[in-house]
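Everything on this sheet refers to the single structure shown next.
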Amino acid sequence: MPGSGTIEQMLVRRVVLMLAAALLPVFTQAPGKGLVIVLIGPPGGGKTTQAAFLQKRYRIAVLAGDELRQKAGESGEKLNALVREQVLRADAAKGFVIDGYPATRAEADYLGRLVKEAKLPSPIIIQLDVPDAEVRRRLSGKPEAAGLDKRLETYHKELELARSYYPEADIWTIIGTRTPKEVFETIVALIQDRE
């Protein structure tokens, strides 16, 4: 029957269109929507590299906490205001990755309130575990090596703060001595488990 093929084709076309309409929001939703990732790690531990990978994969903003801290100087209020400005800007609305912040309990409290205000989920805390000896090896002979002992001391304080502020289960510790690609693949797997 010549007409039956046409009816079948119309039905198939209608089903395909209905499926496409139903799935369109899934495919047009930007990946990474609602991700808030806090990277903790020593200087030279790979935070900047991982932040760039995460930004590219999930299309989220990167907030450089250390740069914001330098702009704020000694003012905790100014630092929080700079973080707020960055979090509430348009390209951070889908989420963001940040390192170098929070470094105090007051900053952690502020970040918690800020992500709620921005209607983002609670942060995923990822610690890149790199031993001090490996950090020294990685940074030997580089300008970043200046003041390394002080920077490592600051990092260990930040890590202690994070462990006291966030329950142990909320901090994912990743061995940071593997290749950057292996570290990134582990982070992605952890994020997928959390979603």
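For the structure tokens, the naming scheme is as follows: chains receive sequential letters (A, B, ...) according to their order of presentation, residues are indexed from 1 within each chain, and ligands are indexed from 1 in presentation order.
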Quiz item: as number ranges by chain, which residues of chain A does DSSP assign to alpha helix (DSSP H)?
Solution: A: 2-28, 47-58, 65-72, 76-88, 105-117, 132-139, 148-165, 180-194
Let me see the file: selected residues, C-alpha atoms, as a CSV table (one decimal), in the first residue's frame.
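As written to disk, selection_31.csv reads:
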chain,number,residue,atom,x,y,z
A,2,PRO,CA,1.5,3.3,-1.1
A,3,GLY,CA,-0.1,5.2,1.8
A,4,SER,CA,1.1,3.0,4.6
A,5,GLY,CA,4.8,4.0,4.2
A,6,THR,CA,3.8,7.7,4.3
A,7,ILE,CA,1.8,7.2,7.6
A,8,GLU,CA,4.7,5.2,9.1
A,9,GLN,CA,7.1,7.9,8.1
A,10,MET,CA,4.9,10.6,9.5
A,11,LEU,CA,4.6,8.7,12.8
A,12,VAL,CA,8.3,8.2,13.0
A,13,ARG,CA,8.9,11.9,12.2
A,14,ARG,CA,6.4,12.9,14.9
A,15,VAL,CA,8.1,10.6,17.5
A,16,VAL,CA,11.5,12.0,16.6
A,17,LEU,CA,10.3,15.5,16.9
A,18,MET,CA,8.6,14.8,20.3
A,19,LEU,CA,11.9,13.2,21.5
A,20,ALA,CA,13.9,16.1,20.3
A,21,ALA,CA,11.6,18.6,22.0
A,22,ALA,CA,11.8,16.6,25.3
A,23,LEU,CA,15.6,16.2,25.1
A,24,LEU,CA,16.4,19.8,23.9
A,25,PRO,CA,16.7,21.2,27.5
A,26,VAL,CA,19.2,18.4,28.4
A,27,PHE,CA,21.5,19.1,25.4
A,28,THR,CA,21.3,22.9,25.6
A,47,LYS,CA,45.8,24.0,41.1
A,48,THR,CA,46.1,26.4,38.2
A,49,THR,CA,46.4,23.6,35.7
A,50,GLN,CA,43.4,21.8,37.1
A,51,ALA,CA,41.4,25.0,37.3
A,52,ALA,CA,42.0,25.6,33.6
A,53,PHE,CA,41.0,22.0,32.7
A,54,LEU,CA,37.8,22.3,34.8
A,55,GLN,CA,37.0,25.7,33.2
A,56,LYS,CA,37.2,24.2,29.8
A,57,ARG,CA,35.3,21.0,30.5
A,58,TYR,CA,32.4,22.5,32.5
A,65,GLY,CA,41.8,33.7,45.2
A,66,ASP,CA,45.5,34.6,45.6
A,67,GLU,CA,45.1,37.4,43.0
A,68,LEU,CA,42.0,38.7,44.8
A,69,ARG,CA,43.8,38.5,48.1
A,70,GLN,CA,46.7,40.6,46.7
A,71,LYS,CA,44.2,43.3,45.4
A,72,ALA,CA,42.4,43.4,48.8
A,76,GLY,CA,39.1,40.9,54.9
A,77,GLU,CA,36.1,42.9,54.0
A,78,LYS,CA,37.5,44.1,50.7
A,79,LEU,CA,38.6,40.5,49.9
A,80,ASN,CA,35.0,39.2,50.6
A,81,ALA,CA,33.6,42.0,48.5
A,82,LEU,CA,35.9,41.1,45.6
A,83,VAL,CA,35.0,37.4,45.9
A,84,ARG,CA,31.3,38.4,45.9
A,85,GLU,CA,31.7,40.6,42.8
A,86,GLN,CA,33.4,37.7,41.0
A,87,VAL,CA,30.8,35.1,42.1
A,88,LEU,CA,27.8,37.2,41.2
A,105,ARG,CA,36.8,30.3,59.1
A,106,ALA,CA,35.2,33.8,58.5
A,107,GLU,CA,36.0,33.4,54.8
A,108,ALA,CA,34.6,29.9,54.7
A,109,ASP,CA,31.4,31.1,56.4
A,110,TYR,CA,31.1,33.9,53.9
A,111,LEU,CA,31.6,31.6,50.9
A,112,GLY,CA,28.9,29.3,52.3
A,113,ARG,CA,26.4,32.2,52.6
A,114,LEU,CA,27.4,33.6,49.2
A,115,VAL,CA,26.8,30.3,47.3
A,116,LYS,CA,23.4,30.0,48.9
A,117,GLU,CA,22.6,33.6,47.9
A,132,ASP,CA,56.5,19.3,50.5
A,133,ALA,CA,59.6,17.6,49.1
A,134,GLU,CA,57.9,17.3,45.7
A,135,VAL,CA,56.8,20.9,45.9
A,136,ARG,CA,60.4,22.0,46.6
A,137,ARG,CA,61.6,19.8,43.7
A,138,ARG,CA,59.0,21.3,41.3
A,139,LEU,CA,59.7,24.9,42.2
A,148,LEU,CA,58.4,28.8,49.7
A,149,ASP,CA,58.6,27.8,53.4
A,150,LYS,CA,56.2,30.6,54.3
A,151,ARG,CA,53.8,29.6,51.5
A,152,LEU,CA,53.9,26.0,52.5
A,153,GLU,CA,53.2,27.0,56.1
A,154,THR,CA,50.2,29.0,54.9
A,155,TYR,CA,49.0,26.1,52.8
A,156,HIS,CA,49.1,23.7,55.8
A,157,LYS,CA,47.1,26.2,57.8
A,158,GLU,CA,44.5,26.5,55.1
A,159,LEU,CA,44.3,22.7,54.9
A,160,GLU,CA,43.8,22.4,58.6
A,161,LEU,CA,41.1,25.0,58.4
A,162,ALA,CA,39.3,23.2,55.6
A,163,ARG,CA,39.5,19.9,57.5
A,164,SER,CA,38.0,21.5,60.6
A,165,TYR,CA,35.3,23.5,58.7
A,180,PRO,CA,47.9,16.4,35.2
A,181,LYS,CA,45.7,14.3,32.9
A,182,GLU,CA,45.3,11.5,35.5
A,183,VAL,CA,44.6,14.0,38.3
A,184,PHE,CA,42.0,15.7,36.1
A,185,GLU,CA,40.3,12.4,35.2
A,186,THR,CA,40.0,11.5,38.9
A,187,ILE,CA,38.5,14.9,39.6
A,188,VAL,CA,35.9,14.5,36.8
A,189,ALA,CA,35.0,11.0,38.2
A,190,LEU,CA,34.5,12.4,41.7
A,191,ILE,CA,32.3,15.2,40.3
A,192,GLN,CA,30.2,12.8,38.4
A,193,ASP,CA,29.7,10.7,41.5
A,194,ARG,CA,28.6,13.8,43.4
Enumerate as a CSV table (one decimal) with N, CA and C atoms, in the first residue's frame all residues of stretch 60-185 of chain A assigned to strand (DSSP E or B) by DSSP on the backbone, naming them with the chain letters and numbers the document uses.
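The resulting file, states_20.csv, is reproduced below:
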chain,number,residue,atom,x,y,z
A,61,ALA,N,33.5,29.6,35.5
A,61,ALA,CA,34.5,30.7,35.8
A,61,ALA,C,35.6,30.2,36.7
A,62,VAL,N,36.8,30.8,36.6
A,62,VAL,CA,37.9,30.6,37.5
A,62,VAL,C,38.1,31.8,38.3
A,63,LEU,N,38.1,31.7,39.6
A,63,LEU,CA,38.4,32.8,40.5
A,63,LEU,C,39.8,32.5,41.1
A,64,ALA,N,40.7,33.4,40.9
A,64,ALA,CA,42.0,33.2,41.5
A,64,ALA,C,42.1,33.9,42.8
A,95,GLY,N,28.5,28.5,38.0
A,95,GLY,CA,29.4,27.9,38.9
A,95,GLY,C,30.8,28.4,38.7
A,96,PHE,N,31.7,28.0,39.5
A,96,PHE,CA,33.1,28.5,39.4
A,96,PHE,C,34.0,27.5,40.2
A,97,VAL,N,35.3,27.7,39.8
A,97,VAL,CA,36.4,27.0,40.6
A,97,VAL,C,37.2,28.0,41.2
A,98,ILE,N,37.6,27.9,42.4
A,98,ILE,CA,38.5,28.9,43.1
A,98,ILE,C,39.6,28.2,43.9
A,99,ASP,N,40.7,28.8,44.0
A,99,ASP,CA,41.8,28.4,44.9
A,99,ASP,C,42.3,29.5,45.6
A,124,ILE,N,32.3,21.7,46.3
A,124,ILE,CA,33.0,20.4,46.3
A,124,ILE,C,34.5,20.8,46.6
A,125,ILE,N,35.0,20.3,47.7
A,125,ILE,CA,36.4,20.6,48.1
A,125,ILE,C,37.3,19.5,47.6
A,126,ILE,N,38.3,19.9,46.9
A,126,ILE,CA,39.3,19.0,46.3
A,126,ILE,C,40.7,19.4,46.8
A,127,GLN,N,41.3,18.5,47.5
A,127,GLN,CA,42.7,18.7,47.9
A,127,GLN,C,43.6,17.9,47.0
A,128,LEU,N,44.6,18.7,46.4
A,128,LEU,CA,45.6,18.0,45.6
A,128,LEU,C,46.8,17.8,46.5
A,129,ASP,N,47.0,16.5,46.9
A,129,ASP,CA,48.0,16.1,47.9
A,129,ASP,C,49.3,15.9,47.2
A,171,ILE,N,35.7,16.6,51.8
A,171,ILE,CA,37.0,16.9,51.1
A,171,ILE,C,37.5,15.7,50.4
A,172,TRP,N,37.7,15.8,49.1
A,172,TRP,CA,38.2,14.7,48.3
A,172,TRP,C,39.7,15.0,48.2
A,173,THR,N,40.5,14.0,48.6
A,173,THR,CA,41.9,14.1,48.5
A,173,THR,C,42.4,13.3,47.3
A,174,ILE,N,43.1,13.9,46.5
A,174,ILE,CA,43.6,13.3,45.2
A,174,ILE,C,45.1,13.4,45.2
A,175,ILE,N,45.8,12.3,44.9
A,175,ILE,CA,47.2,12.2,44.8
A,175,ILE,C,47.6,13.2,43.6
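The gap separating atom CA of A:Gly147 from atom CA of A:Val38 is 23.8 Å, in Å to one decimal.
Take atom CA of A:Gly44 and atom CA of A:Lys94: the distance between them is 27.5 Å.
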Practice problem: Would you work out the distance separating atom CA of A:Asp91 from atom CA of A:Ile60, expressed in Å to one decimal? | Solution: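 Rounded to one decimal, the two atoms are 7.1 Å apart.
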